[in-house]
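Undergrad: Compact mmCIF, C-alpha atoms and all ligand atoms, file data_35.txt:
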# COMPACT_ATOMS: atom_id res chain seq x y z
CA MET A 1 -14.51 15.39 -31.19
CA VAL A 2 -14.75 13.85 -34.63
CA VAL A 3 -17.06 13.83 -37.62
CA VAL A 4 -17.20 10.69 -39.77
CA SER A 5 -19.08 9.84 -42.95
CA GLY A 6 -19.56 7.03 -45.45
CA SER A 7 -20.25 7.17 -49.16
CA ASN A 8 -23.15 9.63 -49.38
CA SER A 9 -22.37 12.69 -47.25
CA GLY A 10 -18.62 13.36 -47.45
CA PRO A 11 -18.74 17.03 -48.58
CA LEU A 12 -21.37 18.01 -46.00
CA ALA A 13 -19.55 16.09 -43.24
CA LYS A 14 -16.44 18.13 -44.10
CA GLN A 15 -18.47 21.38 -43.96
CA LEU A 16 -19.79 20.33 -40.54
CA ALA A 17 -16.31 19.46 -39.27
CA GLU A 18 -15.01 22.81 -40.54
CA THR A 19 -17.84 24.70 -38.83
CA LEU A 20 -17.23 22.87 -35.55
CA GLY A 21 -13.42 22.98 -35.84
CA TRP A 22 -13.27 19.17 -35.45
CA ALA A 23 -11.46 16.51 -37.47
CA HIS A 24 -13.25 14.63 -40.26
CA HIS A 25 -12.57 11.02 -41.20
CA GLY A 26 -14.07 9.01 -44.04
CA LEU A 27 -15.06 5.41 -43.24
CA GLU A 28 -14.23 2.67 -45.73
CA THR A 29 -17.25 1.79 -47.88
CA ARG A 30 -17.28 -0.75 -50.68
CA ARG A 31 -19.74 -2.95 -52.53
CA PHE A 32 -19.57 -6.70 -53.01
CA PRO A 33 -20.12 -7.81 -56.63
CA ASP A 34 -23.76 -8.62 -55.83
CA THR A 35 -24.17 -4.94 -54.68
CA GLU A 36 -24.33 -5.64 -50.94
CA GLY A 37 -22.46 -3.02 -48.94
CA TYR A 38 -19.32 -3.41 -46.79
CA ILE A 39 -18.12 -0.89 -44.27
CA ARG A 40 -15.05 -0.70 -42.03
CA ILE A 41 -13.71 1.82 -39.57
CA PRO A 42 -10.06 2.26 -40.60
CA SER A 43 -7.56 1.25 -37.87
CA GLU A 44 -6.10 4.75 -37.70
CA VAL A 45 -9.55 6.18 -36.87
CA ILE A 46 -10.42 3.76 -34.05
CA GLU A 47 -8.57 5.68 -31.35
CA ALA A 48 -10.24 9.00 -32.28
CA ILE A 49 -13.68 7.37 -32.21
CA ARG A 50 -13.05 5.92 -28.76
CA SER A 51 -11.52 9.00 -27.19
CA GLU A 52 -14.30 11.54 -27.89
CA PRO A 53 -17.95 11.80 -28.96
CA VAL A 54 -18.41 11.13 -32.65
CA VAL A 55 -20.90 12.54 -35.16
CA LEU A 56 -21.80 10.31 -38.10
CA VAL A 57 -23.20 12.27 -41.06
CA SER A 58 -25.24 10.00 -43.31
CA ASN A 59 -28.34 10.19 -45.48
CA THR A 60 -31.14 7.64 -45.47
CA PHE A 61 -31.60 8.21 -49.19
CA PRO A 62 -31.61 6.43 -51.53
CA ASP A 63 -32.54 3.08 -49.89
CA SER A 64 -28.91 1.91 -49.86
CA GLY A 65 -28.20 4.86 -47.55
CA ILE A 66 -30.39 3.30 -44.84
CA VAL A 67 -28.42 0.06 -44.83
CA GLU A 68 -25.09 1.86 -44.95
CA THR A 69 -26.11 4.12 -42.05
CA LEU A 70 -27.17 1.11 -39.94
CA LEU A 71 -23.91 -0.73 -40.67
CA MET A 72 -21.80 2.32 -39.80
CA LEU A 73 -23.71 2.85 -36.54
CA ASP A 74 -23.24 -0.80 -35.68
CA ALA A 75 -19.49 -0.64 -36.32
CA LEU A 76 -19.17 2.61 -34.32
CA ARG A 77 -21.05 1.03 -31.41
CA ASP A 78 -18.78 -2.04 -31.37
CA VAL A 79 -15.64 0.10 -31.49
CA ARG A 80 -16.84 2.30 -28.62
CA LYS A 81 -17.82 -0.80 -26.63
CA GLY A 82 -14.29 -2.10 -27.18
CA ASP A 83 -15.51 -5.14 -29.11
CA LEU A 84 -12.76 -5.48 -31.72
CA GLN A 85 -12.66 -9.27 -31.97
CA ASN A 86 -11.68 -10.45 -35.45
CA LEU A 87 -10.78 -13.68 -37.25
CA ARG A 88 -7.28 -12.45 -38.13
CA ASN A 89 -6.54 -11.82 -34.46
CA ILE A 90 -5.41 -8.28 -35.14
CA GLY A 91 -5.08 -6.71 -31.71
CA PRO A 92 -6.09 -5.30 -29.41
CA GLU A 93 -9.28 -7.36 -29.68
CA SER A 94 -10.92 -6.07 -26.57
CA LEU A 95 -10.82 -2.64 -24.89
CA PRO A 96 -12.87 -0.95 -22.15
CA ASP A 97 -16.35 0.35 -23.03
CA VAL A 98 -16.09 4.14 -23.44
CA GLY A 99 -19.86 4.70 -23.08
CA LYS A 100 -22.34 6.98 -24.80
CA GLY A 101 -21.28 9.39 -27.51
CA VAL A 102 -22.55 8.52 -30.99
CA VAL A 103 -24.63 11.23 -32.67
CA LEU A 104 -26.25 10.52 -36.03
CA ALA A 105 -26.76 13.62 -38.20
CA VAL A 106 -29.05 13.00 -41.17
CA PRO A 107 -28.96 15.81 -43.74
CA TYR A 108 -31.76 14.36 -45.90
CA PHE A 109 -34.05 11.98 -44.06
CA GLY A 110 -35.29 9.64 -46.79
CA TYR A 111 -38.68 8.04 -46.00
CA SER A 112 -39.96 11.18 -44.31
CA ARG A 113 -42.88 11.41 -46.75
CA GLN A 114 -45.10 8.79 -45.11
CA ASP A 115 -45.36 10.35 -41.66
CA LYS A 116 -48.99 9.39 -40.98
CA ARG A 117 -51.19 6.34 -41.44
CA PHE A 118 -53.96 7.27 -43.87
CA LYS A 119 -55.35 3.71 -44.29
CA PRO A 120 -55.25 0.74 -41.91
CA GLY A 121 -52.24 -1.48 -42.44
CA GLU A 122 -49.93 1.24 -43.78
CA SER A 123 -46.39 1.50 -42.48
CA VAL A 124 -45.55 4.88 -40.94
CA SER A 125 -42.21 4.73 -42.69
CA ALA A 126 -40.65 7.87 -41.16
CA ARG A 127 -41.16 6.43 -37.67
CA ALA A 128 -40.05 2.91 -38.66
CA ILE A 129 -36.75 4.13 -40.11
CA ALA A 130 -36.11 6.54 -37.21
CA GLU A 131 -36.70 3.80 -34.61
CA MET A 132 -34.23 1.48 -36.36
CA LEU A 133 -31.58 4.20 -36.47
CA THR A 134 -32.05 5.45 -32.93
CA SER A 135 -31.72 1.94 -31.49
CA ARG A 136 -28.06 2.24 -32.53
CA CYS A 137 -27.10 5.82 -31.57
CA ASP A 138 -27.34 8.15 -28.58
CA ALA A 139 -28.84 11.18 -30.32
CA LEU A 140 -30.25 12.21 -33.69
CA VAL A 141 -29.96 15.46 -35.64
CA VAL A 142 -32.23 15.93 -38.66
CA LEU A 143 -32.00 18.79 -41.15
CA ASP A 144 -35.22 20.46 -42.38
CA LEU A 145 -37.51 17.51 -41.85
CA HIS A 146 -40.81 18.00 -43.70
CA ALA A 147 -43.01 17.31 -40.64
CA PRO A 148 -41.03 16.86 -37.39
CA ALA A 149 -44.02 15.69 -35.28
CA VAL A 150 -43.54 12.06 -36.33
CA LEU A 151 -40.06 11.93 -34.74
CA GLU A 152 -40.93 13.70 -31.53
CA HIS A 153 -41.23 10.65 -29.28
CA LEU A 154 -38.08 8.69 -29.94
CA SER A 155 -36.01 7.10 -27.18
CA VAL A 156 -33.00 9.42 -27.67
CA PRO A 157 -32.67 13.24 -27.85
CA VAL A 158 -33.54 14.61 -31.31
CA ALA A 159 -32.61 18.04 -32.71
CA PHE A 160 -34.59 19.38 -35.65
CA THR A 161 -32.30 21.87 -37.28
CA SER A 162 -32.80 24.08 -40.31
CA ALA A 163 -30.65 25.60 -43.05
CA MET A 164 -33.19 28.40 -43.62
CA PRO A 165 -30.97 31.05 -41.94
CA GLU A 166 -28.16 30.24 -44.41
CA LEU A 167 -30.66 30.03 -47.28
CA ALA A 168 -31.99 33.50 -46.37
CA LYS A 169 -28.46 34.92 -46.23
CA HIS A 170 -27.66 33.41 -49.63
CA LEU A 171 -30.86 34.78 -51.22
CA LYS A 172 -30.28 38.23 -49.72
CA GLU A 173 -26.73 38.35 -51.09
CA THR A 174 -27.48 36.96 -54.56
CA VAL A 175 -31.12 37.69 -55.49
CA ASN A 176 -32.16 40.25 -52.89
CA PRO A 177 -35.86 39.38 -53.38
CA ASP A 178 -38.73 41.79 -52.68
CA PHE A 179 -41.11 38.96 -51.87
CA ILE A 180 -40.94 35.39 -50.50
CA LEU A 181 -43.64 32.89 -51.42
CA SER A 182 -44.41 29.60 -49.71
CA PRO A 183 -45.89 27.28 -52.38
CA ASP A 184 -48.12 25.52 -49.83
CA LYS A 185 -49.23 25.73 -46.22
CA GLY A 186 -46.60 23.16 -45.14
CA ALA A 187 -43.72 25.51 -45.94
CA ILE A 188 -45.22 28.63 -44.32
CA GLU A 189 -43.08 28.56 -41.19
CA ARG A 190 -39.82 28.03 -43.07
CA ALA A 191 -40.58 30.56 -45.82
CA SER A 192 -41.90 33.23 -43.46
CA ASN A 193 -38.73 32.94 -41.35
CA VAL A 194 -36.69 33.50 -44.51
CA ALA A 195 -38.80 36.57 -45.40
CA GLN A 196 -38.37 37.93 -41.88
CA GLN A 197 -34.59 37.49 -42.00
CA ILE A 198 -34.38 39.17 -45.42
CA GLY A 199 -36.84 41.87 -44.32
CA CYS A 200 -39.25 41.50 -47.25
CA GLU A 201 -42.92 40.70 -47.93
CA PHE A 202 -44.34 37.21 -47.62
CA SER A 203 -47.36 35.20 -48.70
CA TYR A 204 -48.35 31.59 -49.37
CA LEU A 205 -50.42 29.49 -51.75
CA GLU A 206 -52.87 26.71 -51.00
CA LYS A 207 -51.91 23.56 -52.87
CA THR A 208 -53.86 20.38 -53.57
CA ARG A 209 -51.85 17.40 -54.74
CA ILE A 210 -53.77 15.25 -57.22
CA ASP A 211 -50.92 12.72 -57.67
CA ALA A 212 -47.10 12.66 -57.56
CA HIS A 213 -46.93 14.68 -60.82
CA THR A 214 -50.05 16.85 -60.67
CA ILE A 215 -50.77 19.69 -58.28
CA VAL A 216 -53.21 22.61 -58.36
CA HIS A 217 -52.97 25.92 -56.53
CA LYS A 218 -56.04 27.82 -55.35
CA ALA A 219 -56.20 31.20 -57.12
CA LYS A 220 -54.97 34.02 -54.89
CA ASP A 221 -54.13 37.68 -55.48
CA LEU A 222 -50.47 38.29 -54.71
CA ASP A 223 -48.98 41.76 -54.64
CA VAL A 224 -46.01 40.85 -56.86
CA ALA A 225 -46.32 43.09 -59.94
CA GLY A 226 -42.84 44.34 -60.92
CA LYS A 227 -41.25 42.42 -58.05
CA SER A 228 -38.51 39.86 -57.69
CA VAL A 229 -39.83 36.77 -55.86
CA ALA A 230 -38.18 33.71 -54.30
CA ILE A 231 -40.29 30.60 -53.72
CA VAL A 232 -39.01 28.77 -50.64
CA ASP A 233 -39.77 25.10 -49.90
CA ASP A 234 -38.21 22.32 -47.83
CA MET A 235 -37.63 20.11 -50.87
CA ILE A 236 -37.96 20.10 -54.63
CA ALA A 237 -38.57 16.70 -56.22
CA THR A 238 -40.25 16.74 -59.65
CA GLY A 239 -40.38 20.55 -59.57
CA GLY A 240 -44.15 20.49 -60.20
CA THR A 241 -44.98 22.51 -57.08
CA ILE A 242 -42.49 25.26 -57.96
CA CYS A 243 -43.45 25.41 -61.67
CA ARG A 244 -47.15 25.89 -60.82
CA ALA A 245 -46.32 28.54 -58.20
CA ALA A 246 -44.01 30.33 -60.66
CA ASP A 247 -46.84 30.34 -63.21
CA ALA A 248 -49.12 32.05 -60.70
CA LEU A 249 -46.43 34.63 -59.93
CA ARG A 250 -45.63 35.44 -63.57
CA SER A 251 -49.32 35.80 -64.44
CA GLN A 252 -49.56 38.40 -61.67
CA GLY A 253 -46.61 40.41 -62.96
CA ALA A 254 -43.55 39.12 -61.07
CA VAL A 255 -40.48 40.13 -63.09
CA GLU A 256 -37.98 37.69 -61.59
CA VAL A 257 -38.72 34.34 -59.94
CA HIS A 258 -36.27 32.09 -58.06
CA ALA A 259 -36.72 28.70 -56.42
CA ALA A 260 -34.88 27.84 -53.20
CA CYS A 261 -34.99 24.74 -51.03
CA CYS A 262 -33.02 22.76 -48.52
CA HIS A 263 -33.28 19.36 -50.24
CA GLY A 264 -32.67 19.36 -53.99
CA LEU A 265 -33.87 15.92 -55.08
CA PHE A 266 -34.51 17.13 -58.65
CA THR A 267 -35.99 13.91 -59.99
CA GLY A 268 -36.59 13.11 -63.67
CA GLY A 269 -35.21 16.20 -65.41
CA ALA A 270 -36.57 18.59 -62.76
CA ILE A 271 -33.85 21.22 -63.22
CA ALA A 272 -34.46 21.56 -66.96
CA ARG A 273 -38.22 21.79 -66.28
CA LEU A 274 -37.71 24.37 -63.52
CA LEU A 275 -35.50 26.56 -65.67
CA ARG A 276 -38.40 27.03 -68.10
CA TYR A 277 -40.29 28.74 -65.26
CA VAL A 278 -37.72 30.33 -62.94
CA ASP A 279 -34.58 32.44 -63.27
CA GLY A 280 -32.54 30.52 -60.70
CA VAL A 281 -32.59 27.37 -58.55
CA HIS A 282 -30.79 27.35 -55.18
CA ALA A 283 -30.30 24.39 -52.81
CA THR A 284 -28.09 23.14 -50.00
CA GLY A 285 -25.89 20.09 -50.39
CA SER A 286 -28.00 17.98 -48.01
CA LEU A 287 -27.81 15.45 -50.80
CA ALA A 288 -25.57 15.66 -53.86
CA ASN A 289 -27.21 17.88 -56.49
CA ALA A 290 -26.31 20.23 -59.31
CA ARG A 291 -27.64 23.34 -57.51
CA ASP A 292 -25.72 22.99 -54.24
CA VAL A 293 -24.84 26.60 -53.40
CA ILE A 294 -25.70 26.81 -49.69
CA SER A 295 -23.65 25.12 -46.95
CA GLY A 296 -25.60 22.84 -44.62
CA GLY A 297 -22.63 22.72 -42.21
CA PRO A 298 -23.70 25.56 -39.86
CA ALA A 299 -27.26 24.16 -39.52
CA LEU A 300 -26.00 20.67 -38.67
CA ALA A 301 -23.54 22.20 -36.20
CA ARG A 302 -26.41 23.95 -34.35
CA GLY A 303 -28.21 20.60 -34.07
CA VAL A 304 -25.08 18.80 -32.87
CA HIS A 305 -24.47 21.42 -30.15
CA GLN A 306 -28.09 21.07 -29.03
CA VAL A 307 -27.99 17.28 -28.58
CA LEU A 308 -24.51 17.29 -27.00
CA GLU A 309 -25.85 19.70 -24.41
CA GLN A 310 -28.86 17.44 -23.79
CA LEU A 311 -26.54 14.44 -23.40
CA SER A 312 -24.19 16.52 -21.19
CA LEU A 313 -21.22 15.47 -23.36
C1 LIG B 401 -44.50 18.81 -49.95
O1 LIG B 401 -45.42 19.38 -49.39
C2 LIG B 401 -43.11 19.38 -50.02
O2 LIG B 401 -42.94 20.45 -49.15
C3 LIG B 401 -42.74 19.82 -51.43
O3 LIG B 401 -43.56 20.91 -51.80
C4 LIG B 401 -42.91 18.72 -52.43
O4 LIG B 401 -42.34 17.52 -51.99
C5 LIG B 401 -42.27 19.11 -53.75
O5 LIG B 401 -42.46 18.09 -54.66
P1 LIG B 401 -42.45 18.37 -56.21
O6 LIG B 401 -41.20 19.11 -56.54
O7 LIG B 401 -42.49 17.00 -56.83
O8 LIG B 401 -43.70 19.15 -56.54
Kindly return the structure encoded in the file as structure tokens.
Ligand code: R5P
TA:
Amino acid sequence: MVVVSGSNSGPLAKQLAETLGWAHHGLETRRFPDTEGYIRIPSEVIEAIRSEPVVLVSNTFPDSGIVETLLMLDALRDVRKGDLQNLRNIGPESLPDVGKGVVLAVPYFGYSRQDKRFKPGESVSARAIAEMLTSRCDALVVLDLHAPAVLEHLSVPVAFTSAMPELAKHLKETVNPDFILSPDKGAIERASNVAQQIGCEFSYLEKTRIDAHTIVHKAKDLDVAGKSVAIVDDMIATGGTICRAADALRSQGAVEVHAACCHGLFTGGAIARLLRYVDGVHATGSLANARDVISGGPALARGVHQVLEQLSL
């Protein structure tokens, strides 16, 4: 079986291939001068893609990632269908259809934020993007999706996988925290699993988001005096959530505070801001970032195994 990737997920695709013991191939990706994307499956990769199931690792972030993912899925589908017709008459131009076997693995699912319709007329963007993608593949694997419920009724098997086991192992080996904190109710399940794996205490905060840059936490007594604490979240964007949580921890006597997440978006100087509040920032490489210290390969591999079993491939 083979793992392929385009321009935005090469390192993680290699980690996945290594974990699975499969080959990895990069697809050709270029940009036309007007910035439109071009993709091609290199001739030497066509046979591998037709002879076994293939996993495409690709992010839907930033926006250009959505288009590139769709184009790569389209090209993979044509190659597996045996539709190789081309204007230069490079042969063979037609081969037998080899059937199902394209799995899309999305490390960071961009557009997962809008997963509900709050006002009439709003697009449920997470669902819209997922439906477009799954019309062109046979199964979907998504890493640490903020709220999986929105993707639960798609037309193909979906595996929601998580890098929290690897994140817990990394924290245990490097920070060895006494306490894990979830900065809001949404991260409770992830963070409490991390605490359980490390074998340490756990609690959570209640957060209210005022706008994209302003959040407030409800005051809460945390038993953190003299302790080393790791705040665990699915993603860090502006860093506002973590900075406020770190404030609460320091004011209650925490001596060391770390921030750990799956998706390190780190927008607008977030790392510099975070380092004024925490002693360390730890992330996976689900998308390229300066704090990529945890491999997402094993988590994606668990998801791939799950959907291959469901597809009986
Ligand atoms: C939202 O609930 C997420 O789990 C994160 O807490 C949030 O996206 C982090 O954003 P920021 O770093 O901008 O506070």
Undergrad: List every residue of chain A that has an atom at most 6 Å from any atom of ligand LIG 401 (chain B), giving for each one its closest atom pair and the distance in Å to one decimal, counting only C-alpha atoms and all ligand atoms, sorted by chain and then by ascending residue number, as JSON lines.
TA:
{"residue": "A:Gly186", "atom": "CA", "partner": "B:LIG401", "partner_atom": "O1", "distance": 5.8}
{"residue": "A:Asp233", "atom": "CA", "partner": "B:LIG401", "partner_atom": "O2", "distance": 5.7}
{"residue": "A:Asp234", "atom": "CA", "partner": "B:LIG401", "partner_atom": "O2", "distance": 5.3}
{"residue": "A:Met235", "atom": "CA", "partner": "B:LIG401", "partner_atom": "C3", "distance": 5.1}
{"residue": "A:Ile236", "atom": "CA", "partner": "B:LIG401", "partner_atom": "O6", "distance": 3.9}
{"residue": "A:Ala237", "atom": "CA", "partner": "B:LIG401", "partner_atom": "O6", "distance": 3.6}
{"residue": "A:Thr238", "atom": "CA", "partner": "B:LIG401", "partner_atom": "O7", "distance": 3.6}
{"residue": "A:Gly239", "atom": "CA", "partner": "B:LIG401", "partner_atom": "O6", "distance": 3.5}
{"residue": "A:Gly240", "atom": "CA", "partner": "B:LIG401", "partner_atom": "O8", "distance": 3.9}
{"residue": "A:Thr241", "atom": "CA", "partner": "B:LIG401", "partner_atom": "O8", "distance": 3.6}
Undergrad: Check the smallest atom-to-atom distance from each of A:Ala139, A:Ala191, A:Leu145, A:Ala290 to A:Tyr204 using all atoms listed in the file, then report the winner.
TA: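 Of all the options, A:Ala191 lies closest to A:Tyr204.
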Undergrad: For A:Ile46, which residue out of A:Phe202, A:Leu70, A:Arg80, A:Thr29 is the nearest one, using all atoms listed in the file?
TA: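 The shortest atom-to-atom distance to A:Ile46 comes from A:Arg80.
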Undergrad: Need the shell around stretch 153-168 of chain A: protein/DNA/RNA residues with any atom at most 7 Å away, counting all atoms listed in the file. Skip same-chain ones fewer than 2 positions apart. Format as an mmCIF file with C-alpha atoms, keeping the file's coordinate frame?
TA:
data_model
loop_
_atom_site.group_PDB
_atom_site.id
_atom_site.type_symbol
_atom_site.label_atom_id
_atom_site.label_comp_id
_atom_site.auth_asym_id
_atom_site.auth_seq_id
_atom_site.Cartn_x
_atom_site.Cartn_y
_atom_site.Cartn_z
ATOM 1 C CA GLU A 131 -36.700 3.800 -34.610
ATOM 2 C CA THR A 134 -32.050 5.450 -32.930
ATOM 3 C CA ASP A 138 -27.340 8.150 -28.580
ATOM 4 C CA ALA A 139 -28.840 11.180 -30.320
ATOM 5 C CA LEU A 140 -30.250 12.210 -33.690
ATOM 6 C CA VAL A 141 -29.960 15.460 -35.640
ATOM 7 C CA VAL A 142 -32.230 15.930 -38.660
ATOM 8 C CA LEU A 143 -32.000 18.790 -41.150
ATOM 9 C CA ASP A 144 -35.220 20.460 -42.380
ATOM 10 C CA LEU A 151 -40.060 11.930 -34.740
ATOM 11 C CA HIS A 170 -27.660 33.410 -49.630
ATOM 12 C CA LEU A 171 -30.860 34.780 -51.220
ATOM 13 C CA LYS A 172 -30.280 38.230 -49.720
ATOM 14 C CA ARG A 190 -39.820 28.030 -43.070
ATOM 15 C CA VAL A 194 -36.690 33.500 -44.510
ATOM 16 C CA GLN A 197 -34.590 37.490 -42.000
ATOM 17 C CA ILE A 198 -34.380 39.170 -45.420
ATOM 18 C CA CYS A 262 -33.020 22.760 -48.520
ATOM 19 C CA ILE A 294 -25.700 26.810 -49.690
ATOM 20 C CA GLY A 296 -25.600 22.840 -44.620
ATOM 21 C CA ALA A 299 -27.260 24.160 -39.520
ATOM 22 C CA LEU A 300 -26.000 20.670 -38.670
ATOM 23 C CA ARG A 302 -26.410 23.950 -34.350
ATOM 24 C CA GLY A 303 -28.210 20.600 -34.070
ATOM 25 C CA GLN A 306 -28.090 21.070 -29.030
ATOM 26 C CA VAL A 307 -27.990 17.280 -28.580
ATOM 27 C CA GLN A 310 -28.860 17.440 -23.790
#
Undergrad: Identify which of the residues A:Glu47, A:Glu152, A:Asp221, A:Asp279 lies closest to A:Pro92, counting only C-alpha atoms when measuring atom-to-atom distances.
TA: A:Glu47
Undergrad: Need to verify the contact set: A:Lys207, 8 Å, all atoms listed in the file, exclusion of same-chain residues closer than 5 positions in sequence. Can you return it as a ChimeraX atom specification?
TA: /A:183-185,215-218
Undergrad: Expressed in Å to a single decimal, how great is the separation between atom CA of A:Leu104 and atom CA of A:Pro53?
TA: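 Distance reported for this atom pair: 11.0 Å.
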Undergrad: Could you state the separation of atom CA of A:Asp178 and atom CA of A:Val281 in Å, given to one decimal place?
TA: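 Spanning atom CA of A:Asp178 to atom CA of A:Val281 is a straight-line distance of 16.7 Å.
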Undergrad: Between atom CA of A:Leu16 and atom CA of A:Val106, what is the distance in Å, rounded to a tenth?
TA: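 Separation between atom CA of A:Leu16 and atom CA of A:Val106: 11.8 Å.
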Undergrad: Using only C-alpha atoms, which of A:Leu222, A:Ala130, A:Leu181, A:Ala260 sits nearest A:Leu274?
TA: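 Under the stated criterion, the closest residue is A:Ala260.
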Undergrad: Given 3 Å on each side, where is the centre and what are the edge lengths in Å to one decimal of the axis-aligned box enclosing the listed atoms of stretch 35-38 of chain A, as AutoDock Vina command-line options?
TA:
--center_x -21.8 --center_y -4.3 --center_z -50.7 --size_x 11.0 --size_y 8.6 --size_z 13.9
Undergrad: Tell me, as a list in words, which residues lie within 8 Å of A:Val278, counting only C-alpha atoms; anything in the same chain fewer than 5 positions away does not count.
TA: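 So, after excluding close chain neighbours, the residues are Cys243, Ala246, Glu256, Val257, His258 and Ala259 of chain A.
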Undergrad: Using all atoms listed in the file, which of the listed residues (A:Leu275, A:Val102, A:Ala248, A:Thr214) sits closest to A:Leu311?
TA: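 Distance minimum relative to A:Leu311 lands on A:Val102.
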Undergrad: Can you pull out every residue within 10 Å of A:Gly101, counting all atoms listed in the file, but drop anything in the same chain fewer than 5 positions away, and send it as a short mmCIF file (atom, residue, chain, number, x, y, z; two decimals) with C-alpha atoms, in the coordinates of the input?
TA:
data_model
loop_
_atom_site.label_atom_id
_atom_site.label_comp_id
_atom_site.auth_asym_id
_atom_site.auth_seq_id
_atom_site.Cartn_x
_atom_site.Cartn_y
_atom_site.Cartn_z
CA MET A 1 -14.51 15.39 -31.19
CA ILE A 49 -13.68 7.37 -32.21
CA ARG A 50 -13.05 5.92 -28.76
CA SER A 51 -11.52 9.00 -27.19
CA GLU A 52 -14.30 11.54 -27.89
CA PRO A 53 -17.95 11.80 -28.96
CA VAL A 54 -18.41 11.13 -32.65
CA VAL A 55 -20.90 12.54 -35.16
CA LEU A 76 -19.17 2.61 -34.32
CA ARG A 77 -21.05 1.03 -31.41
CA ARG A 80 -16.84 2.30 -28.62
CA CYS A 137 -27.10 5.82 -31.57
CA ASP A 138 -27.34 8.15 -28.58
CA ALA A 139 -28.84 11.18 -30.32
CA LEU A 308 -24.51 17.29 -27.00
CA LEU A 311 -26.54 14.44 -23.40
CA SER A 312 -24.19 16.52 -21.19
CA LEU A 313 -21.22 15.47 -23.36
#
Undergrad: List the neighbours of A:Thr60 out to 6 Å using all atoms listed in the file; skip same-chain residues closer than 5 positions along the sequence, and give me the result as number ranges by chain.
TA: A: 65-66, 109-110
Undergrad: May I ask which of the residues A:Leu265, A:Ala128, A:Ala212, A:Ala283 is the closest one to A:Ile231, counting all atoms listed in the file?
TA: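 Closest to A:Ile231, using all atoms listed in the file: A:Ala283.
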